[in-house]
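Okay, upload_39.txt now, which holds compact mmCIF, C-alpha atoms:
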# COMPACT_ATOMS: atom_id res chain seq x y z
CA MET A 1 117.96 84.46 220.11
CA SER A 2 118.88 85.21 216.54
CA LEU A 3 116.13 86.82 214.50
CA PRO A 4 116.09 87.30 210.75
CA GLU A 5 117.57 90.71 210.14
CA HIS A 6 118.82 93.25 207.62
CA ARG A 7 121.44 95.95 208.17
CA GLY A 8 122.12 98.93 205.96
CA THR A 9 122.48 102.70 206.02
CA ALA A 10 120.17 105.62 205.36
CA LEU A 11 119.58 109.15 206.64
CA GLY A 12 123.29 109.33 207.35
CA THR A 13 123.06 106.56 209.90
CA SER A 14 122.53 102.84 210.34
CA VAL A 15 119.35 100.95 209.50
CA HIS A 16 118.52 97.69 211.25
CA VAL A 17 115.39 95.68 210.55
CA ALA A 18 114.54 92.47 212.42
CA VAL A 19 111.44 90.33 212.08
CA THR A 20 110.02 87.35 213.90
CA ASN A 21 109.24 85.44 210.72
CA PRO A 22 111.98 85.08 208.10
CA GLU A 23 109.40 85.04 205.34
CA HIS A 24 108.51 88.64 206.19
CA LEU A 25 112.01 90.10 206.08
CA ASP A 26 112.13 91.15 202.43
CA GLY A 27 108.74 92.83 202.62
CA ALA A 28 109.64 94.58 205.85
CA VAL A 29 112.91 95.88 204.43
CA ALA A 30 111.12 97.17 201.35
CA SER A 31 108.62 99.00 203.55
CA VAL A 32 111.35 100.51 205.67
CA GLU A 33 113.37 101.64 202.68
CA ARG A 34 110.29 103.23 201.15
CA VAL A 35 109.41 105.17 204.31
CA VAL A 36 112.95 106.24 205.03
CA ALA A 37 113.43 107.50 201.47
CA ALA A 38 110.18 109.43 201.70
CA ILE A 39 111.13 111.04 205.02
CA ASP A 40 114.53 111.99 203.65
CA LEU A 41 113.01 113.60 200.59
CA ALA A 42 110.45 115.47 202.69
CA CYS A 43 112.46 116.54 205.73
CA SER A 44 116.19 116.66 205.02
CA ARG A 45 117.88 120.00 205.50
CA PHE A 46 120.98 118.70 203.70
CA ARG A 47 119.29 118.06 200.37
CA ASP A 48 118.50 121.00 198.13
CA ASP A 49 115.74 118.98 196.54
CA SER A 50 113.98 118.09 199.77
CA GLU A 51 110.55 119.54 200.31
CA LEU A 52 111.69 121.29 203.49
CA SER A 53 114.68 122.86 201.73
CA ARG A 54 112.50 124.07 198.89
CA LEU A 55 109.98 125.47 201.34
CA GLN A 56 112.72 127.39 203.13
CA ALA A 57 114.65 128.50 200.06
CA GLY A 58 115.53 132.16 199.90
CA ASP A 59 114.76 134.86 202.41
CA GLY A 60 111.74 134.37 204.61
CA PRO A 61 109.04 134.39 205.62
CA HIS A 62 108.10 131.10 204.04
CA GLU A 63 104.68 129.66 203.50
CA GLY A 64 102.93 127.06 201.43
CA VAL A 65 100.94 123.88 201.37
CA VAL A 66 103.08 120.87 202.14
CA SER A 67 102.77 117.14 201.56
CA PRO A 68 100.97 114.99 204.11
CA LEU A 69 104.30 113.50 205.21
CA LEU A 70 106.02 116.84 205.80
CA ALA A 71 102.91 118.07 207.57
CA GLN A 72 103.07 115.02 209.81
CA ALA A 73 106.75 115.58 210.51
CA LEU A 74 106.16 119.24 211.32
CA ALA A 75 103.25 118.28 213.55
CA ALA A 76 105.44 115.79 215.40
CA ALA A 77 108.14 118.44 215.88
CA LEU A 78 105.69 121.03 217.14
CA ARG A 79 104.08 118.53 219.46
CA ALA A 80 107.51 117.62 220.83
CA ALA A 81 108.21 121.28 221.44
CA GLU A 82 104.92 121.81 223.20
CA LEU A 83 105.21 118.75 225.41
CA THR A 84 108.76 119.58 226.45
CA ASP A 85 108.12 123.26 227.10
CA GLY A 86 110.35 124.08 224.18
CA ALA A 87 113.33 121.95 225.20
CA VAL A 88 113.05 120.18 221.83
CA ASP A 89 112.49 122.94 219.30
CA PRO A 90 112.50 122.68 215.49
CA THR A 91 113.68 126.27 215.07
CA VAL A 92 117.27 125.37 215.98
CA GLY A 93 118.34 125.20 212.35
CA GLU A 94 120.44 128.34 212.31
CA ALA A 95 121.98 127.52 215.69
CA VAL A 96 123.03 124.07 214.50
CA ARG A 97 124.50 125.52 211.34
CA SER A 98 126.29 128.30 213.24
CA ALA A 99 127.91 125.66 215.41
CA GLY A 100 129.41 124.09 212.31
CA TYR A 101 126.93 121.33 211.50
CA THR A 102 126.26 122.59 207.99
CA VAL A 103 126.19 119.44 205.92
CA ASP A 104 125.38 115.77 206.40
CA PHE A 105 127.39 114.75 209.43
CA GLY A 106 129.64 112.43 207.48
CA SER A 107 130.97 115.50 205.68
CA VAL A 108 131.40 117.75 208.73
CA PRO A 109 135.14 118.28 209.30
CA PRO A 110 136.00 116.76 212.69
CA ASP A 111 138.35 119.61 213.51
CA GLY A 112 138.68 123.22 212.48
CA GLY A 113 139.61 126.71 213.45
CA PRO A 114 137.78 128.82 216.01
CA ILE A 115 134.27 130.01 215.25
CA ALA A 116 132.26 132.74 216.95
CA LEU A 117 129.28 131.45 218.88
CA GLU A 118 126.78 133.80 220.43
CA VAL A 119 124.27 133.09 223.16
CA ILE A 120 121.06 133.75 221.30
CA PRO A 121 117.84 131.90 222.08
CA VAL A 122 116.34 130.22 219.05
CA PRO A 123 113.31 131.96 217.50
CA GLY A 124 110.91 129.47 219.03
CA TRP A 125 108.46 126.89 217.75
CA ARG A 126 105.43 129.11 218.26
CA ARG A 127 106.51 131.10 215.21
CA ILE A 128 105.75 128.13 212.99
CA LYS A 129 102.10 127.82 212.16
CA LEU A 130 100.66 124.60 210.79
CA PHE A 131 97.09 124.33 209.60
CA PRO A 132 96.39 120.60 209.64
CA ALA A 133 93.19 120.66 207.64
CA THR A 134 94.82 122.30 204.65
CA ARG A 135 98.44 121.37 205.44
CA ARG A 136 99.38 124.99 205.09
CA VAL A 137 102.58 126.03 206.85
CA GLU A 138 103.73 129.53 207.72
CA ILE A 139 107.28 130.00 208.93
CA ALA A 140 108.14 133.43 210.25
CA GLU A 141 111.10 135.37 208.89
CA GLY A 142 114.48 134.42 210.29
CA ILE A 143 113.58 130.85 211.13
CA GLU A 144 115.42 127.85 209.82
CA VAL A 145 113.53 124.68 210.58
CA ASP A 146 115.51 121.58 211.50
CA LEU A 147 113.47 118.42 211.98
CA GLY A 148 116.50 116.32 212.85
CA ALA A 149 115.44 115.81 216.45
CA THR A 150 112.18 114.07 215.63
CA ALA A 151 112.07 113.10 211.96
CA LYS A 152 114.36 110.10 212.27
CA ALA A 153 112.35 108.70 215.16
CA LEU A 154 109.13 109.39 213.29
CA ALA A 155 110.58 107.51 210.34
CA ALA A 156 111.25 104.52 212.59
CA ASP A 157 107.67 104.58 213.86
CA LEU A 158 106.16 104.90 210.40
CA ALA A 159 108.46 102.29 208.91
CA ALA A 160 107.69 99.77 211.63
CA ALA A 161 103.97 100.39 211.32
CA GLU A 162 104.03 100.06 207.54
CA ALA A 163 106.14 96.93 207.67
CA ALA A 164 103.84 95.35 210.24
CA ALA A 165 100.82 96.23 208.17
CA THR A 166 102.15 94.18 205.30
CA MET A 167 102.67 91.10 207.46
CA PRO A 168 100.08 88.43 208.04
CA GLY A 169 101.11 88.17 211.68
CA GLY A 170 104.47 88.42 213.36
CA GLY A 171 106.41 91.44 214.45
CA VAL A 172 109.08 93.83 213.27
CA LEU A 173 111.79 95.96 214.86
CA VAL A 174 113.17 98.98 213.05
CA SER A 175 116.22 100.84 214.30
CA LEU A 176 117.41 104.01 212.61
CA GLY A 177 120.68 104.96 214.22
CA GLY A 178 119.56 103.54 217.55
CA ASP A 179 116.06 105.03 217.45
CA VAL A 180 114.07 101.84 217.81
CA ALA A 181 110.40 101.25 216.99
CA VAL A 182 108.62 97.93 217.18
CA ALA A 183 105.26 96.89 215.78
CA GLY A 184 103.16 93.79 215.38
CA ASP A 185 103.39 90.73 217.57
CA PRO A 186 106.69 90.71 219.48
CA PRO A 187 108.79 87.64 220.16
CA ALA A 188 107.63 85.68 223.20
CA GLU A 189 110.24 87.29 225.43
CA GLY A 190 109.93 90.71 223.85
CA TRP A 191 112.48 92.61 221.79
CA HIS A 192 115.80 92.64 223.64
CA ILE A 193 117.72 95.85 223.08
CA GLN A 194 121.15 96.62 224.45
CA ILE A 195 121.91 100.09 225.78
CA ALA A 196 125.03 101.95 224.67
CA GLU A 197 126.28 105.48 224.23
CA ASP A 198 126.88 104.89 220.53
CA SER A 199 124.43 102.94 218.41
CA ARG A 200 127.34 101.64 216.36
CA ALA A 201 128.66 99.72 219.38
CA PRO A 202 128.66 95.93 219.04
CA ILE A 203 126.40 93.81 221.20
CA THR A 204 128.37 92.58 224.20
CA THR A 205 127.79 89.69 226.56
CA ASP A 206 127.55 91.92 229.62
CA GLY A 207 125.91 95.06 228.25
CA GLU A 208 122.79 96.34 229.99
CA THR A 209 119.81 95.08 228.05
CA VAL A 210 116.09 95.74 228.31
CA ALA A 211 113.10 94.12 226.67
CA ILE A 212 110.14 95.96 225.19
CA ARG A 213 107.00 94.60 223.57
CA ALA A 214 105.56 97.73 221.96
CA GLY A 215 106.30 101.36 221.28
CA GLY A 216 109.83 102.63 221.05
CA LEU A 217 113.17 103.12 222.70
CA ALA A 218 115.51 105.95 221.81
CA THR A 219 118.79 107.32 223.05
CA SER A 220 120.16 110.83 222.78
CA SER A 221 123.81 111.41 223.48
CA THR A 222 126.29 114.23 223.36
CA THR A 223 129.10 111.71 222.93
CA VAL A 224 128.36 111.19 219.25
CA ARG A 225 128.10 113.67 216.37
CA ARG A 226 130.79 115.76 217.94
CA TRP A 227 133.28 118.02 216.25
CA ARG A 228 135.97 120.43 217.37
CA ARG A 229 136.37 124.09 216.51
CA GLY A 230 139.22 126.11 217.93
CA GLY A 231 139.95 123.31 220.36
CA VAL A 232 136.39 123.33 221.73
CA GLU A 233 134.26 120.20 221.53
CA LEU A 234 130.81 120.83 220.07
CA HIS A 235 127.85 118.51 219.54
CA HIS A 236 124.51 118.40 217.79
CA ILE A 237 122.01 118.76 220.64
CA ILE A 238 121.16 122.43 220.85
CA ASP A 239 119.70 124.09 223.94
CA PRO A 240 116.99 126.35 222.51
CA ALA A 241 117.41 128.75 225.44
CA THR A 242 121.00 129.57 224.47
CA GLY A 243 121.29 128.45 220.88
CA LEU A 244 124.43 126.57 221.86
CA PRO A 245 125.21 122.88 222.29
CA ALA A 246 123.52 121.78 225.49
CA GLY A 247 125.60 121.66 228.64
CA GLY A 248 124.23 120.06 231.74
CA PRO A 249 125.06 116.91 233.62
CA TRP A 250 123.83 114.21 231.21
CA ARG A 251 125.86 112.88 228.34
CA THR A 252 123.49 110.09 227.34
CA VAL A 253 119.80 109.47 228.02
CA SER A 254 117.72 106.47 226.91
CA VAL A 255 113.93 106.47 227.19
CA VAL A 256 111.17 103.92 226.58
CA ALA A 257 107.84 105.34 225.42
CA GLY A 258 104.69 104.47 223.56
CA SER A 259 106.36 105.48 220.32
CA CYS A 260 109.88 106.04 219.11
CA VAL A 261 109.24 109.71 218.45
CA ASP A 262 108.04 110.20 222.02
CA ALA A 263 111.04 108.29 223.35
CA ASN A 264 113.40 110.41 221.28
CA THR A 265 111.61 113.58 222.29
CA ALA A 266 111.94 112.75 225.98
CA ALA A 267 115.57 111.66 225.68
CA THR A 268 116.60 114.84 223.87
CA ALA A 269 114.59 116.99 226.26
CA ALA A 270 116.30 115.34 229.20
CA ILE A 271 119.73 116.26 227.85
CA VAL A 272 118.59 119.86 227.45
CA ARG A 273 116.71 120.13 230.76
CA GLY A 274 119.72 119.01 232.74
CA GLU A 275 119.29 118.55 236.49
CA SER A 276 115.51 118.74 236.40
CA ALA A 277 115.24 115.92 233.88
CA THR A 278 115.01 113.08 236.39
CA ALA A 279 111.99 114.54 238.17
CA TRP A 280 110.40 115.43 234.84
CA LEU A 281 110.84 111.91 233.46
CA ASP A 282 109.64 110.36 236.69
CA ALA A 283 106.54 112.52 236.76
CA ALA A 284 105.81 111.61 233.14
CA ARG A 285 106.22 107.92 234.03
CA LEU A 286 108.74 107.49 231.27
CA PRO A 287 111.24 104.72 231.97
CA ALA A 288 114.62 106.33 231.47
CA ARG A 289 118.30 105.65 231.97
CA LEU A 290 120.57 108.66 232.34
CA VAL A 291 124.35 108.65 232.20
CA ASP A 292 126.12 111.64 233.68
CA ARG A 293 129.42 113.08 232.56
CA SER A 294 131.33 110.84 234.95
CA GLY A 295 129.63 107.72 233.61
CA ALA A 296 127.37 107.22 236.63
CA VAL A 297 123.98 105.76 235.71
CA ILE A 298 120.61 106.79 237.12
CA ARG A 299 117.40 104.91 236.33
CA VAL A 300 113.98 106.53 236.76
CA GLY A 301 110.36 106.07 235.78
CA GLY A 302 110.36 102.30 236.10
CA TRP A 303 113.47 101.58 234.05
CA PRO A 304 114.44 98.08 235.18
CA ALA A 305 117.53 97.56 237.24
CA PRO A 306 120.03 95.26 235.55
CA GLY A 307 119.07 91.69 236.30
CA ASP A 308 115.62 92.69 237.54
CA GLN A 309 113.27 90.26 235.83
CA THR A 310 110.15 91.37 237.67
CA SER A 311 109.36 94.56 235.82
CA MET B 1 80.92 106.35 259.59
CA THR B 2 79.31 102.93 260.09
CA ALA B 3 79.98 99.95 257.89
CA GLY B 4 76.57 100.41 256.27
CA GLU B 5 77.21 104.07 255.56
CA ARG B 6 80.56 103.16 254.09
CA ARG B 7 78.95 100.61 251.74
CA ILE B 8 76.47 103.23 250.57
CA ALA B 9 79.28 105.70 250.03
CA ILE B 10 81.21 103.22 247.93
CA ALA B 11 78.13 102.42 245.86
CA GLU B 12 77.54 106.14 245.33
CA ARG B 13 81.14 106.53 244.27
CA ASP B 14 80.86 103.67 241.78
CA ARG B 15 77.72 105.17 240.28
CA ALA B 16 79.41 108.53 240.04
CA LEU B 17 82.42 107.00 238.35
CA LEU B 18 80.19 105.16 235.89
CA LEU B 19 78.34 108.37 235.09
CA HIS B 20 81.64 110.19 234.71
CA ARG B 21 82.90 107.58 232.28
CA LYS B 22 79.71 107.77 230.25
CA LEU B 23 79.90 111.54 230.11
CA THR B 24 83.57 111.42 229.17
CA VAL B 25 82.96 108.96 226.36
CA SER B 26 79.96 110.95 225.14
CA SER B 27 81.78 114.26 225.17
CA GLY B 28 84.74 112.63 223.46
CA VAL B 29 82.57 111.39 220.63
CA VAL B 30 80.88 114.75 220.31
CA GLY B 31 84.25 116.45 220.36
CA THR B 32 85.60 114.17 217.67
CA ILE B 33 82.60 114.81 215.45
CA ALA B 34 82.92 118.54 216.02
CA VAL B 35 86.59 118.55 215.10
CA ALA B 36 85.92 116.43 212.02
CA ALA B 37 83.18 118.83 210.94
CA LEU B 38 85.51 121.75 211.45
CA ALA B 39 88.18 120.07 209.39
CA VAL B 40 85.78 119.47 206.53
CA ALA B 41 84.49 123.03 206.70
CA ALA B 42 87.99 124.41 206.85
CA ALA B 43 89.13 122.36 203.89
CA HIS B 44 86.23 123.61 201.80
CA THR B 45 86.82 127.24 202.70
CA HIS B 46 90.61 126.94 202.54
CA ALA B 47 90.59 128.58 205.91
CA GLY B 48 92.14 125.88 207.97
CA ALA B 49 92.30 125.83 211.68
CA SER B 50 95.12 127.62 213.32
CA SER B 51 97.49 125.34 215.02
CA THR B 52 100.44 126.66 216.84
CA SER B 53 100.52 123.52 218.92
CA ASN B 54 99.15 125.28 221.92
CA GLY B 55 95.80 123.84 221.05
CA SER B 56 94.08 127.16 220.54
CA ALA B 57 93.13 129.11 217.49
CA SER B 58 95.02 132.28 216.84
CA SER B 59 93.81 135.48 215.27
CA SER B 60 97.12 137.27 215.14
CA GLY B 61 99.02 138.33 212.09
CA THR B 62 98.06 136.63 208.88
CA THR B 63 96.89 133.52 210.61
CA MET B 64 93.62 132.29 209.23
CA THR B 65 91.21 130.90 211.72
CA THR B 66 87.91 129.22 211.82
CA THR B 67 85.17 131.18 213.45
CA SER B 68 83.99 128.30 215.52
CA THR B 69 84.96 127.70 219.07
CA GLY B 70 86.77 124.54 218.10
CA SER B 71 90.48 124.22 217.98
CA SER B 72 92.82 121.84 216.35
CA SER B 73 96.21 120.57 217.11
CA SER B 74 99.21 120.24 214.90
CA SER B 75 100.16 117.18 216.87
CA SER B 76 100.59 113.80 215.31
CA SER B 77 98.65 112.61 218.29
CA ALA B 78 95.84 114.22 220.19
CA SER B 79 97.41 113.29 223.49
CA ALA B 80 98.49 116.08 225.77
CA SER B 81 101.46 114.19 227.11
CA LEU B 82 104.19 111.95 225.85
CA SER B 83 103.02 108.38 225.56
CA THR B 84 104.42 106.04 228.13
CA GLY B 85 105.97 102.66 227.58
CA SER B 86 107.31 99.86 229.67
CA ALA B 87 110.45 97.83 229.75
CA SER B 88 111.61 94.78 231.58
CA SER B 89 115.10 93.57 232.14
CA GLY B 90 116.47 91.84 229.09
CA SER B 91 119.18 89.38 228.28
CA ALA B 92 122.35 90.45 226.52
CA ALA B 93 122.49 87.03 224.93
CA SER B 94 119.10 87.71 223.36
CA ALA B 95 119.82 91.28 222.27
CA SER B 96 118.94 91.88 218.66
CA THR B 97 120.00 95.49 218.38
CA VAL B 98 121.65 98.40 220.18
CA THR B 99 120.21 101.76 221.08
CA GLY B 100 122.62 104.63 221.44
CA GLY B 101 123.42 108.02 220.15
CA SER B 102 123.90 108.43 216.44

Kindly return the structure encoded in the file as structure tokens.
Amino acid sequence: MSLPEHRGTALGTSVHVAVTNPEHLDGAVASVERVVAAIDLACSRFRDDSELSRLQAGDGPHEGVVSPLLAQALAAALRAAELTDGAVDPTVGEAVRSAGYTVDFGSVPPDGGPIALEVIPVPGWRRIKLFPATRRVEIAEGIEVDLGATAKALAADLAAAEAAATMPGGGVLVSLGGDVAVAGDPPAEGWHIQIAEDSRAPITTDGETVAIRAGGLATSSTTVRRWRRGGVELHHIIDPATGLPAGGPWRTVSVVAGSCVDANTAATAAIVRGESATAWLDAARLPARLVDRSGAVIRVGGWPAPGDQTS
Amino acid sequence: MTAGERRIAIAERDRALLLHRKLTVSSGVVGTIAVAALAVAAAHTHAGASSTSNGSASSSGTTMTTTSTGSSSSSSSASASLSTGSASSGSAASASTVTGGS
């Protein structure tokens, strides 16, 4: 099945838009580009002119009234933290930067000399206060907010919803670096999405593929966005309990959920939670596929076995 | 328990479930109205409702709180758990995109 599609780049990653009706493609792409640009301007920690950067400029504490979009992104991040018992925490900013991820990933040197890393728990999401009614935010001193874990997935959800809202019928798929959200009426057989460790991988004839009809599918992996310092491999998924790149048995986790941001939240939390992730995902009834460091695959929560057409 | 007693028990259960659903819906509507009223009041007073994502108002530090018993959430969704989804086995030949780390 070949659907009308558009491919591009944004947010330092790939953008893929597919629609069921070719007449809707241009409108869908315009919607996606508009939402992605807005999220970038609101949430990027790599742009000095982003709303988040301006809010956090200078020594803390920081406070102010933020735009509806940044308030929504902060709310999504805080909700993710709450629902994962802090495994996905937006106060990892300093930890990410200390590990060497200081600029947009395309500009992070892949190799470099040794750096000193300390085991210091991140400040914790409870030190960010958001007042939804007034959109007032208070960020305690010493906290650097990083919305990277949830903002991209939120952008996929919002972009898909906005694109679908402009269509008189039909459906749309939006993928931002492998964070996939779908909206509207899906194709008859659903949206078929191939699973990989790297979203840049080409579609193969024998790759494990699942079909979804609504919500989102996201993958978190320690095999991408890696860099080396002093001969040590580092990656971008920070364990809030240590402030260091997460260890644990899983290198890649894919999750299907009712939204892309929830799928991304669960996938990232699974990487951080380590051994306990399978029981946690199962209890939450989140279909998930986990790949351990040896490459062995475990499926939980109703994730279909390859070739299983009955799910 | 006889078959007749069992039928009565099932009927009682169904009535109880119906009543429970009605009460749940009613309290949900009331709760929604209450939260909406709080939001309006908070916006007018510039007080806001504390939201540290634990679903409860806070009175610590400089946090401003409403004086009502209501609470608000900073969540993008009111749900207390991650939303679930479902997937079926797909066809690689039909794949339109790839999910993976990025």

Counting all atoms listed in the file, note down every residue that has an atom within 9 Å of the point (104.3, 93.4, 223.2) (file coordinates), as a ChimeraX atom specification.
/A:182-191,212-215

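The gap separating CA of Gln72 in chain A from CA of Ile271 in chain A is 24.6 Å, in Å to one decimal.
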
Protein/DNA/RNA residues near (126.0, 102.1, 219.9), cut 6 Å, only C-alpha atoms, as an NGL selection string
(:A and (196-201)) or (:B and (98-100))

Store the residues of this selection in a file with C-alpha atoms, as an mmCIF file, in the frame of the given file.
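Result written to part.cif:
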data_model
loop_
_atom_site.group_PDB
_atom_site.id
_atom_site.type_symbol
_atom_site.label_atom_id
_atom_site.label_comp_id
_atom_site.auth_asym_id
_atom_site.auth_seq_id
_atom_site.Cartn_x
_atom_site.Cartn_y
_atom_site.Cartn_z
ATOM 1 C CA ALA A 196 125.030 101.950 224.670
ATOM 2 C CA GLU A 197 126.280 105.480 224.230
ATOM 3 C CA ASP A 198 126.880 104.890 220.530
ATOM 4 C CA SER A 199 124.430 102.940 218.410
ATOM 5 C CA ARG A 200 127.340 101.640 216.360
ATOM 6 C CA ALA A 201 128.660 99.720 219.380
ATOM 7 C CA VAL B 98 121.650 98.400 220.180
ATOM 8 C CA THR B 99 120.210 101.760 221.080
ATOM 9 C CA GLY B 100 122.620 104.630 221.440
#

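Distances to chain B were evaluated for A:Asp157, A:Glu23, A:Asp111, A:Asp179 using only C-alpha atoms, and the minimum falls at A:Asp179.
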
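Taking CA of Ala155 in chain A and CA of Arg135 in chain A as endpoints, the distance between them is 19.1 Å.
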
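One distance worth recording is that between CA of Thr20 in chain A and CA of Ile195 in chain A, which is 21.1 Å.
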
Could you list, as a ChimeraX atom specification, every residue within 9 Å of Cys43 in chain A, counting all atoms listed in the file and ignoring same-chain residues fewer than 3 positions away?
/A:38-40,47,50-53,69-70,73-74,146-148,151

Compile the contact shell of Leu55 in chain A as a list in words: residues with an atom at most 10 Å away, counting all atoms listed in the file, same-chain residues fewer than 3 positions apart removed.
Asp49, Ser50, Glu51, Leu52, Gly58, Gly60, Pro61, His62, Glu63, Gly64, Val65, Val66, Val137, Glu138, Ile139 and Val145 of chain A

Could you take the residues named above and write them with C-alpha atoms, as a PDB file, in the coordinates of the input?
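The result, stored in result19.pdb:
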ATOM      1  CA  ASP A  49     115.740 118.980 196.540  1.00  0.00           C
ATOM      2  CA  SER A  50     113.980 118.090 199.770  1.00  0.00           C
ATOM      3  CA  GLU A  51     110.550 119.540 200.310  1.00  0.00           C
ATOM      4  CA  LEU A  52     111.690 121.290 203.490  1.00  0.00           C
ATOM      5  CA  GLY A  58     115.530 132.160 199.900  1.00  0.00           C
ATOM      6  CA  GLY A  60     111.740 134.370 204.610  1.00  0.00           C
ATOM      7  CA  PRO A  61     109.040 134.390 205.620  1.00  0.00           C
ATOM      8  CA  HIS A  62     108.100 131.100 204.040  1.00  0.00           C
ATOM      9  CA  GLU A  63     104.680 129.660 203.500  1.00  0.00           C
ATOM     10  CA  GLY A  64     102.930 127.060 201.430  1.00  0.00           C
ATOM     11  CA  VAL A  65     100.940 123.880 201.370  1.00  0.00           C
ATOM     12  CA  VAL A  66     103.080 120.870 202.140  1.00  0.00           C
ATOM     13  CA  VAL A 137     102.580 126.030 206.850  1.00  0.00           C
ATOM     14  CA  GLU A 138     103.730 129.530 207.720  1.00  0.00           C
ATOM     15  CA  ILE A 139     107.280 130.000 208.930  1.00  0.00           C
ATOM     16  CA  VAL A 145     113.530 124.680 210.580  1.00  0.00           C
TER      17      VAL A 145
END

Quick one: everything within 9 Å of Ala81 in chain A, counting all atoms listed in the file, minus sequence neighbours fewer than 4 positions away in the same chain. Send it as a PyMOL selection string.
(chain A and resi 76-77+85-90+124-126+265) or (chain B and resi 53)

Out of A:Glu275, A:Asp48, A:Asp26, A:Asp206, which residue has the shortest atom-to-atom distance to Ser94 in chain B when counting only C-alpha atoms?
A:Asp206
